[in-house]
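Notes follow once the structure below has been shown.
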Amino acid sequence: MSDVTSGKDKEYFRDHLVVRHPDGKVEKFPLPEEEGIILRIGRELDNNITLTDSRASRYHAEIRRTATGIQIRDLESANGTVVNGVRLKPDAWMPFEAGQVAHLGETRLHWEKAPASQSTVVMPAFKKETIVQPPPKPTGAPPSQKSLIPLAVGAGVIVLLLVLIGAGMMLGWFGGQATPSPVPTQGQAGTGRGDGSLSQQTPGAPAADTPTPAGPLVPLPNLSLVSAEVKPIMLGALPSTDKALLLVNVRVENVGNAPFVVSTRHFSLRTKEGQVLAEAGGATSPEGLKRLGARDRFDNLTLTPGGSVPESLIFEVQPQVYQVELIFDPPEAPPLVLGLPPIDAGRELAVALGTPVADETPAALAAIATTAPTPTPTRPAAVPAPKVVPRSALRGTIAYPVFNGNDFDLYLGRPDGGGTRFFRAHASQPAFNSDGTRIAFHSWAGDSRGLVTMDVTGANGKLVTNFIEDQLPTWTPDGQKIVFLTRRTGGRQSQLMLADANTELADSVILGEGEYPTVGANGKMVFKGWGKTAFGLRISSLTMEDVESVTNAEEDTAPALSPNGRQIVFMSRREGNWNIYIVNVDGSGLKRLTDDVAEDGLPVWSPDGNAIAFVSNRGGPWAVWAMTPDGAGKRQLFTMEGSPDGFVGTDTYASRGWAEERLSWTAAELVEQ
C-alpha cells in the first residue's frame, strides 16, 4: 500500500480560514500547521491573504497558530478588527476560537476546523437508507379469496353512497349549504372536536394588550439610556478631525394603554444653548450603519401597550464638550425629554483615533453639572397598567437562522437582550433537546449535507441522515430519536420519518404523510397536513395512528405545542399576511395574536410557557420579538444579523424559505452577557 496521501485527503486534516468578501465571494485558506507561522491579511498584494474590501487597511490583521489554538491581532488598522462584537486592541494577540466571527471592515472571517476534527464528520460513501414500514395486518382470508374481497366491499360502498346521495337530495341536504372541509383518512374524527365544524373555524379578534380600560386611552412613552459613544467619521481611508458621530442607544417603552409610533426621525438633541441637532442616520448607507454597530433602527413601528424596542440614533457633532437633552416627539403623545450625561466629543474622538490624551478630566467637562435622569412618566390613575412579558420567562437561549446570501448560519441569542453569538456556519432549522445539552439542525455544508445532531459545545456530532431533502428535525421527549420531514422519494412526497438521533446514517422509519413536525414534552406530535392527512394542522401520537384535525387552512404552518400540551401556536397567511395565531389542541379558541403589516412568523414557546418568541421585520430590521400567550406586551428581544428568509439553490424540495425555518428556545444559558 502507498503511504502517499492525496491532496484532497490532506485537506480533510487541515484547518482553514474562511473569508467572506463584501461581494459575497467566499474563499478558504489553509491555516498554518506549525506554531509561530503568521498569516498577514490586508489590501496590499504582498499579504498572505489579499482583501478586496475598501474598508480594510493595507496591512489589517495577522493570524497565527499557538500550542493552544489560533490567535489574531489587529495591525493598528483604520477601522479596527472586531471579533464577536468586541473591537481588538491594536498589536495584542487575542484567542480566535472556532465558531467566532472576525470583521475586518466589511469582510468576515471564521476559523473552520479540519473535517477530521469536527464533530460533524465528512459524509462517507453513500449508504442506502432502510425504509421500514409497518407490515400489513393479516386478514385471515385464504389466498384465493383475497382478490374478491376488495371488489365486494367496493360494490357495497358504492351502493350505500348512491342511497345516501339520493336520500340527501330528497331531504334537501345539498341545498347550497357550506360543505365541510376534507378530513384525513388516518383514523381521525372529522366532527365532534372543539368548535365542531372546522369549515366554520375563523379566528377571533387579536388579544387586547391591556385590561379593559376604565378611563381615557393614553399613549405613554418612556425612555431609558443604554449607551452613548463618539465615533470618527471616515473620509475614505482617513478620519475627519473637525466633526464626529455621536451614537446614542436608548430603549423606548409604552407604559400607557394606547399605541404610538416610533421612528428615528422623532428623535433630536438639544444643547443647553438651545441648538437642535436632527437625527442624521437616515443619510448613512446600510453598510455604514453596520460598521457603526447601529443595528436597532426602527421606523414607523407601532409600539403596543406594554411593548418596548431599542433604537440606535446617530447625531453629527463637533469635537467639543456638550451637555444635551434627547427629545422624543411622537405624533400621538407629548414630547419626552431625557437628560444625557456630559459628553466631551473632542476627547472621545481623540481616543477613538488613537491620539494620546491627558488622564485628567477637562475643566470644561468638570464645570458641567450632570443632568438628572428623566423620571418615568406618571400613569394617570384611570389608565390601567399594560400587560408585559414577565422577565422570569426571558431566560435561557434562543437559536435562530440567518440567511447569508448563499445558505444559512446559526446564531444563539439571550432572550433578555443581553447579546448574541455565532454558533455554526451552513446550518439552519435548529432544535434543542429537552434539557438543552444537544441540538439538531439541517446542515447545508457540502461535506455533511443532511441532518446533524451534536452537543451544544460542538462535540459528539452525528450525521444522522445525508439527504439534502431531509428537513426540520425535532427531538422525541427522551432525546433518543428525531422526527423530521423528508422529500427524498422520487415523487417528492412530503413524509414524516423517525430516526435514531445518536447513530451515523441511521435507518429511518416512515411514520406517514405530513410536513413541519414538532414533538411536545407529552410525546404528542403537531404537524402540517399533506396528502392523506389533508390540509391544516394535525395532532397525533408518534405512530400517527390517531391523527386529528386542529385547523382547516392550507396556509397554516410552523406549529409549536405549548409546554403543558394544551395549545398550539403557529404562523399563517390565511388572512393575506403572515401573522401568529394560537389555538387549543381540540381546535377551539382560534385567535390571531399579531396584526401588523410586516411579516411575523416562526413562533416558539418559552420553556416555562409564559411567553412566545417570534421573528418579525416590523419597523425595518429583522429581529426576534416576544409576547405573552394572549398576544400582549410585544417587546423586541434582539436584532438579527440578517433575514431568516432565503432560498438555497433552485429546488423547492430542498429549500422553501422561512416557511420551513424554525426558532428553538431552551432554558440552558449558552450565551455569556
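All residue names refer to the C-alpha cells as shown: chains lettered A, B, ... in order, residues numbered from 1 in each chain, ligands numbered from 1 in order.
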- Message: So that I can check the surroundings of Trp622 of chain A, please list as a ChimeraX atom specification every protein, DNA and RNA residue that reaches within 12 Å of it, counting only C-alpha atoms and ignoring chain neighbours fewer than 5 positions away.
- Response: /A:295-298,400-403,598-601,614-617,636-645
- Using only C-alpha atoms, which residues sit within 7 Å of Arg251 of chain A once same-chain residues fewer than 3 positions away are excluded, as a ChimeraX atom specification? /A:223-226,308-311
- Message: To one decimal place in Å, what is the distance between atom CA of Asn249 of chain A and atom CA of Arg270 of chain A?
- Response: 16.3 Å
- Task: Could you tell me which of A:Val648, A:Ala385, A:Leu498, A:Ala553 comes closest to Ala632 of chain A if we count only C-alpha atoms?
- Result: A:Ala385
- Task: Identify, on the basis of only C-alpha atoms, every residue whose closest approach to Arg488 of chain A does not exceed 10 Å; exclude the query and any residue fewer than 2 positions from it along the same chain; express the result as a PyMOL selection string.
- Result: chain A and resi 467-470+485-486+490-495+653-654
Keeping only N, CA, C and O atoms, write the selected residues to a file as a JSON list (two decimals), in the first residue's frame.
```
[["chain", "number", "residue", "atom", "x", "y", "z"],
["A", 467, "PHE", "N", -29.36, 13.18, 3.31],
["A", 467, "PHE", "CA", -30.20, 13.63, 2.21],
["A", 467, "PHE", "C", -30.47, 15.12, 2.37],
["A", 467, "PHE", "O", -30.93, 15.56, 3.43],
["A", 468, "ILE", "N", -30.21, 15.91, 1.33],
["A", 468, "ILE", "CA", -30.47, 17.34, 1.40],
["A", 468, "ILE", "C", -31.96, 17.60, 1.53],
["A", 468, "ILE", "O", -32.40, 18.66, 2.02],
["A", 469, "GLU", "N", -32.80, 16.63, 1.12],
["A", 469, "GLU", "CA", -34.25, 16.81, 1.19],
["A", 469, "GLU", "C", -34.80, 16.59, 2.60],
["A", 469, "GLU", "O", -36.00, 16.80, 2.82],
["A", 470, "ASP", "N", -33.99, 16.14, 3.55],
["A", 470, "ASP", "CA", -34.44, 15.94, 4.93],
["A", 470, "ASP", "C", -34.41, 17.28, 5.66],
["A", 470, "ASP", "O", -33.40, 17.99, 5.63],
["A", 485, "LEU", "N", -39.10, 15.95, 8.48],
["A", 485, "LEU", "CA", -39.76, 15.98, 7.18],
["A", 485, "LEU", "C", -38.77, 15.58, 6.11],
["A", 485, "LEU", "O", -37.60, 15.99, 6.13],
["A", 486, "THR", "N", -39.21, 14.77, 5.15],
["A", 486, "THR", "CA", -38.35, 14.43, 4.02],
["A", 486, "THR", "C", -39.14, 14.45, 2.72],
["A", 486, "THR", "O", -40.35, 14.19, 2.71],
["A", 490, "GLY", "N", -38.83, 9.59, -5.05],
["A", 490, "GLY", "CA", -38.87, 10.04, -6.44],
["A", 490, "GLY", "C", -40.02, 10.96, -6.74],
["A", 490, "GLY", "O", -39.90, 11.88, -7.56],
["A", 491, "GLY", "N", -41.16, 10.75, -6.07],
["A", 491, "GLY", "CA", -42.31, 11.61, -6.29],
["A", 491, "GLY", "C", -42.31, 12.86, -5.45],
["A", 491, "GLY", "O", -43.24, 13.67, -5.54],
["A", 492, "ARG", "N", -41.30, 13.04, -4.63],
["A", 492, "ARG", "CA", -41.15, 14.21, -3.74],
["A", 492, "ARG", "C", -42.34, 14.37, -2.81],
["A", 492, "ARG", "O", -42.71, 15.50, -2.47],
["A", 493, "GLN", "N", -42.93, 13.25, -2.36],
["A", 493, "GLN", "CA", -43.99, 13.34, -1.37],
["A", 493, "GLN", "C", -43.43, 13.88, -0.06],
["A", 493, "GLN", "O", -42.29, 13.62, 0.29],
["A", 494, "SER", "N", -44.25, 14.62, 0.66],
["A", 494, "SER", "CA", -43.85, 15.12, 1.98],
["A", 494, "SER", "C", -44.20, 14.06, 3.01],
["A", 494, "SER", "O", -45.38, 13.79, 3.27],
["A", 495, "GLN", "N", -43.18, 13.46, 3.60],
["A", 495, "GLN", "CA", -43.37, 12.39, 4.57],
["A", 495, "GLN", "C", -42.66, 12.73, 5.87],
["A", 495, "GLN", "O", -41.65, 13.45, 5.88],
["A", 653, "TYR", "N", -37.88, 21.45, -3.16],
["A", 653, "TYR", "CA", -37.96, 20.35, -2.21],
["A", 653, "TYR", "C", -36.82, 20.41, -1.20],
["A", 653, "TYR", "O", -36.86, 19.74, -0.17],
["A", 654, "ALA", "N", -35.79, 21.19, -1.48],
["A", 654, "ALA", "CA", -34.66, 21.30, -0.55],
["A", 654, "ALA", "C", -34.70, 22.59, 0.25],
["A", 654, "ALA", "O", -34.18, 22.65, 1.36]]
```
I want to know what sits within 8 Å of Gly512 of chain A, based on only C-alpha atoms, with residues of the same chain fewer than 4 positions away left out; could you give that as a CSV table (one decimal) with all heavy atoms, in the first residue's frame?
```
chain,number,residue,atom,x,y,z
A,495,GLN,N,-43.2,13.5,3.6
A,495,GLN,CA,-43.4,12.4,4.6
A,495,GLN,C,-42.7,12.7,5.9
A,495,GLN,O,-41.7,13.5,5.9
A,495,GLN,CB,-42.8,11.1,4.0
A,495,GLN,CG,-43.6,10.6,2.8
A,495,GLN,CD,-42.9,9.3,2.2
A,495,GLN,OE1,-41.7,9.2,2.1
A,495,GLN,NE2,-43.8,8.3,1.9
A,496,LEU,N,-43.2,12.2,7.0
A,496,LEU,CA,-42.5,12.3,8.3
A,496,LEU,C,-41.8,11.0,8.6
A,496,LEU,O,-42.4,9.9,8.4
A,496,LEU,CB,-43.5,12.7,9.3
A,496,LEU,CG,-44.4,13.9,9.1
A,496,LEU,CD1,-45.3,14.2,10.3
A,496,LEU,CD2,-43.4,15.1,8.9
A,497,MET,N,-40.6,11.1,9.1
A,497,MET,CA,-39.8,9.9,9.4
A,497,MET,C,-39.2,10.0,10.8
A,497,MET,O,-39.1,11.1,11.3
A,497,MET,CB,-38.7,9.8,8.3
A,497,MET,CG,-39.2,9.7,6.9
A,497,MET,SD,-37.9,9.3,5.7
A,497,MET,CE,-37.7,7.5,6.0
A,544,MET,N,-48.8,8.0,14.5
A,544,MET,CA,-49.7,8.6,13.5
A,544,MET,C,-50.9,7.7,13.3
A,544,MET,O,-51.4,7.7,12.2
A,544,MET,CB,-49.0,9.0,12.2
A,544,MET,CG,-48.0,10.2,12.4
A,544,MET,SD,-47.3,10.7,10.9
A,544,MET,CE,-48.7,11.4,10.0
```
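Rounded to one decimal, atom CA of Asn552 of chain A and atom CA of Leu537 of chain A lie 7.0 Å from each other.
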- Non-local contacts of Glu229 of chain A (7 Å; only C-alpha atoms; under 3 positions in same chain excluded) as a PyMOL selection string: chain A and resi 246-248
- Item | 8 Å contact set for Leu301 of chain A, only C-alpha atoms, chain neighbours under 6 positions out, as JSON, numbers by chain | {"A": [261, 262, 263, 618, 619]}
- strand (DSSP E) per DSSP on the backbone: members of segment 473-626 of chain A, as a PyMOL selection string: chain A and resi 473-475+481-486+495-500+508-513+515-519+525-528+537-540+548-549+557-561+567-572+579-584+591-592+600-605+612-616+623-626
